[in-house]
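**Q** Could you have a look at this structure, given as structure tokens, before my questions?
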Amino acid sequence: MSSPSAPKFWRQSLLPAGVAALCTWALAAWAGLRLEAQALVTLSTAGLVYASALWQAHRSWQPLLSLWSRLQQAIGQREETYSANLAQDLMHLLQHVEHLAQARRDAAGQLNAILAQINDGVVVMNSPKTVQICNPSAARLFGLDAGQAVGLSLIALVRDYRIVKLWEESQAQHARQQAEIQLGRNGQILHCIAVPMSHSSQAAGMLLIHDLTHARRLERARKDMISNISHELRTPLASIKALSDTLQEGALDDPPAARHFLALMQDEVDALTQLVAELMQLSRIESGREPIQKRVCDPATLLETAHSRMEIQARRKGIALTVSAQCNAPPVLADAERIVQVLVNLVHNAIKFTPAGGRIEISAVPVERQMVRFCVADTGIGIPAEALPRIFERFYKTDASRSREGSGLGLSICRHLVNAHSGKIWAESVEGKGSQFYFTLPQA
Ligand code: ADP
């Protein structure tokens, strides 16, 4: 079977199909069919005419079948290319979406890491006044976990109407508001800053909280320290001034009186020197500049050394100073010089606050947790119960001892020295009966 030439093929199949298509289209349009229906009828008619023309020309289905298979191939190729392109586009789109999601996750991770490292509290609120973000510092300030805070209302988180008011004002005025607020429940002093975030679609604003409690406490301690030092300096300086005035006004011409006044001035200068030395030592210990060299020491030797240094002083005042006979404590790890200083300070106080005829005993016994407990016990005037928790503070003196010698720094130095040995110091006392000062040191 030979294939028809091109003009013949044109005349026999395509031309009739084209004419049929035109006629069908015109008829369909005249019949008022919709556009899709017109197209369908036209294409079907043209197809039928074309198929029958092919049959006429070849008397076989072969050309139709080959046309059909060529058509399928063409459609297949197009579909393949189309699917491949579509798949590629989809892949790109997915990669882009994944990149965006990753970038979002990275940004959220970075934000959380930054917020977790900030010492100040950061709270981000969304429009309906609920907590959207609360960093760990903010949650800690209000006694919660960061996770617990999210979703709470502001008042439920901060439990202080003044902070909520500050926040509401910043929202109403669209302006940053700040205030220093002292919480009633625990005395914390907070510097709060409320910032509206009008540019954000998700957040209404932010609350920044800076805890000033420690800074204020330090400020106060510094002020107290200056006022205490001034107070301690004033008394001996005033005495020295009065004594030198008396000497100038004529006492110099009376040698025995002059010697007496000079001896008094010497005492005041000694007291001042002692005060300055104690202050300097305290400052060295507090700033970690006082070296502690721990060695294995025998507690009995430490007690004996302190005893021999203070025995004469005690005897002069008519007080019996003894070392306990049952000192069976194991060796401790300590800087012997510093621990003897602690014992001497405690015995010195005991002598100061024990009337003549009294007794002071020093001892050391092993106690639990591999520690040795030292004790200086006296039969002196004792310490009022309300003063006991405060006697280790710098410059603290009980009212009964206000007028006596001493700067109120001795016990504070003892506490620092014992702490530097990983030990603990405390006192027990019954007013009018006597006091016991204890401290512990780790066994070697
Ligand atoms: P000071 O140098 O003034 O003695 P301390 O810090 O050593 O300062 O002591 C603080 C205060 O503790 C003393 O002023 C005194 O009121 C009280 N105190 C210390 N030891 C004794 C003690 N053994 N008996 C009674 N009171 C004591």
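Here's how to read the names in the structure tokens: chain A, B, ... by the order shown, residue numbers from 1 in each chain, ligand numbers from 1 in the order shown.
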Within 9 Å of ligand 1, which residues show up when you count only C-alpha atoms and all ligand atoms? List them as a PyMOL selection string, please.

**A** chain A and resi 345-354+376-384+387-388+390-402+404-414+427+429+431+434-437

**Q** Those same residues - N, CA and C atoms - I'd like them written as a compact mmCIF listing (two decimals), in the first residue's frame.

**A**
```
# COMPACT_ATOMS: atom_id res chain seq x y z
N ASN A 345 41.27 36.10 118.68
CA ASN A 345 40.16 37.09 118.63
C ASN A 345 39.03 36.67 119.55
N LEU A 346 38.68 35.38 119.48
CA LEU A 346 37.55 34.89 120.28
C LEU A 346 37.89 34.93 121.77
N VAL A 347 39.13 34.53 122.11
CA VAL A 347 39.53 34.54 123.52
C VAL A 347 39.61 36.00 124.01
N HIS A 348 40.09 36.89 123.13
CA HIS A 348 40.19 38.31 123.49
C HIS A 348 38.81 38.84 123.84
N ASN A 349 37.82 38.53 123.01
CA ASN A 349 36.43 38.96 123.30
C ASN A 349 35.96 38.35 124.61
N ALA A 350 36.24 37.05 124.77
CA ALA A 350 35.78 36.36 125.98
C ALA A 350 36.36 37.05 127.23
N ILE A 351 37.64 37.44 127.16
CA ILE A 351 38.26 38.13 128.31
C ILE A 351 37.56 39.48 128.53
N LYS A 352 37.29 40.17 127.38
CA LYS A 352 36.67 41.49 127.45
C LYS A 352 35.28 41.44 128.10
N PHE A 353 34.54 40.38 127.80
CA PHE A 353 33.13 40.34 128.24
C PHE A 353 32.90 39.39 129.43
N THR A 354 34.01 39.00 130.09
CA THR A 354 33.86 38.14 131.27
C THR A 354 34.42 38.88 132.49
N VAL A 376 35.24 28.20 122.00
CA VAL A 376 35.74 29.10 123.04
C VAL A 376 34.53 29.43 123.91
N ALA A 377 34.53 28.91 125.15
CA ALA A 377 33.36 29.08 126.02
C ALA A 377 33.74 29.95 127.21
N ASP A 378 32.89 30.94 127.51
CA ASP A 378 33.19 31.79 128.68
C ASP A 378 32.00 31.84 129.62
N THR A 379 32.25 32.37 130.80
CA THR A 379 31.17 32.50 131.79
C THR A 379 30.84 33.99 131.97
N GLY A 380 30.91 34.75 130.82
CA GLY A 380 30.77 36.20 130.89
C GLY A 380 29.34 36.72 130.85
N ILE A 381 29.21 37.94 130.34
CA ILE A 381 27.90 38.63 130.41
C ILE A 381 26.87 38.07 129.41
N GLY A 382 27.35 37.32 128.42
CA GLY A 382 26.44 36.74 127.43
C GLY A 382 25.99 37.76 126.38
N ILE A 383 25.22 37.27 125.42
CA ILE A 383 24.79 38.14 124.30
C ILE A 383 23.26 38.08 124.21
N PRO A 384 22.59 39.22 124.12
CA PRO A 384 21.12 39.19 123.99
C PRO A 384 20.69 38.38 122.76
N ALA A 387 20.58 39.99 119.43
CA ALA A 387 21.86 40.44 118.84
C ALA A 387 22.63 39.27 118.22
N LEU A 388 22.34 38.04 118.69
CA LEU A 388 23.13 36.88 118.24
C LEU A 388 23.25 36.75 116.73
N ARG A 390 23.43 38.91 114.55
CA ARG A 390 24.10 40.04 113.91
C ARG A 390 25.55 40.25 114.31
N ILE A 391 26.01 39.51 115.31
CA ILE A 391 27.34 39.84 115.85
C ILE A 391 28.48 39.61 114.86
N PHE A 392 28.26 38.82 113.78
CA PHE A 392 29.33 38.59 112.81
C PHE A 392 29.34 39.66 111.70
N GLU A 393 28.37 40.60 111.78
CA GLU A 393 28.36 41.69 110.78
C GLU A 393 29.47 42.68 111.07
N ARG A 394 29.94 43.35 110.00
CA ARG A 394 30.99 44.37 110.18
C ARG A 394 30.47 45.49 111.07
N PHE A 395 31.26 45.93 112.01
CA PHE A 395 31.00 47.07 112.90
C PHE A 395 29.87 46.83 113.89
N TYR A 396 29.34 45.60 113.94
CA TYR A 396 28.23 45.41 114.87
C TYR A 396 28.74 45.27 116.30
N LYS A 397 28.11 46.01 117.21
CA LYS A 397 28.40 45.87 118.64
C LYS A 397 27.06 45.84 119.38
N THR A 398 26.97 45.05 120.42
CA THR A 398 25.70 45.08 121.18
C THR A 398 25.68 46.38 121.99
N ASP A 399 24.48 46.78 122.39
CA ASP A 399 24.38 48.04 123.13
C ASP A 399 25.25 48.03 124.37
N ALA A 400 25.28 46.84 125.06
CA ALA A 400 26.04 46.75 126.31
C ALA A 400 27.52 47.03 126.09
N SER A 401 28.01 46.78 124.84
CA SER A 401 29.45 46.92 124.62
C SER A 401 29.79 48.16 123.81
N ARG A 402 28.77 49.00 123.55
CA ARG A 402 28.98 50.18 122.70
C ARG A 402 30.13 51.06 123.18
N ARG A 404 32.52 50.22 125.13
CA ARG A 404 33.80 49.57 125.39
C ARG A 404 34.72 49.67 124.19
N GLU A 405 35.98 49.29 124.45
CA GLU A 405 36.95 49.27 123.35
C GLU A 405 36.53 48.25 122.29
N GLY A 406 37.05 48.41 121.09
CA GLY A 406 36.70 47.46 120.03
C GLY A 406 35.96 48.14 118.92
N SER A 407 36.22 47.67 117.69
CA SER A 407 35.64 48.33 116.52
C SER A 407 34.43 47.59 115.97
N GLY A 408 34.20 46.38 116.47
CA GLY A 408 33.10 45.58 115.89
C GLY A 408 33.52 44.87 114.62
N LEU A 409 34.83 44.78 114.37
CA LEU A 409 35.29 44.13 113.14
C LEU A 409 35.85 42.72 113.42
N GLY A 410 36.20 42.46 114.71
CA GLY A 410 36.89 41.21 115.04
C GLY A 410 36.16 39.96 114.57
N LEU A 411 34.86 39.86 114.90
CA LEU A 411 34.11 38.64 114.55
C LEU A 411 33.90 38.53 113.03
N SER A 412 33.78 39.70 112.39
CA SER A 412 33.62 39.68 110.93
C SER A 412 34.87 39.08 110.27
N ILE A 413 36.05 39.47 110.80
CA ILE A 413 37.30 38.91 110.26
C ILE A 413 37.34 37.40 110.54
N CYS A 414 36.93 36.99 111.75
CA CYS A 414 36.92 35.55 112.09
C CYS A 414 36.04 34.79 111.09
N ALA A 427 27.57 31.25 117.13
CA ALA A 427 27.67 31.45 118.58
C ALA A 427 26.37 31.05 119.25
N SER A 429 24.50 31.62 123.21
CA SER A 429 24.74 32.40 124.41
C SER A 429 23.48 32.52 125.26
N GLU A 431 22.17 35.24 128.08
CA GLU A 431 22.54 36.51 128.70
C GLU A 431 22.74 36.33 130.20
N GLY A 434 26.85 33.42 130.01
CA GLY A 434 28.07 33.19 129.24
C GLY A 434 27.79 32.86 127.77
N SER A 435 28.88 32.74 127.00
CA SER A 435 28.73 32.50 125.56
C SER A 435 29.66 31.37 125.12
N GLN A 436 29.25 30.68 124.03
CA GLN A 436 30.12 29.69 123.39
C GLN A 436 30.24 30.06 121.92
N PHE A 437 31.46 30.24 121.48
CA PHE A 437 31.72 30.50 120.05
C PHE A 437 32.29 29.22 119.46
```

**Q** If you run DSSP over the backbone, which residues in range 133-301 of chain A end up helix (DSSP H, G or I)? Put them as a ChimeraX atom specification.

**A** /A:136-141,146-149,154-158,161-173,213-248,251-253,255-286,299-301

**Q** Which residues, written as JSON, numbers by chain, have at least one atom at most 12 Å from Ile114 in chain A, with only C-alpha atoms counted and residues fewer than 6 positions away on the same chain left out?

**A** {"A": [107, 108, 120, 121, 122, 135, 136, 137]}
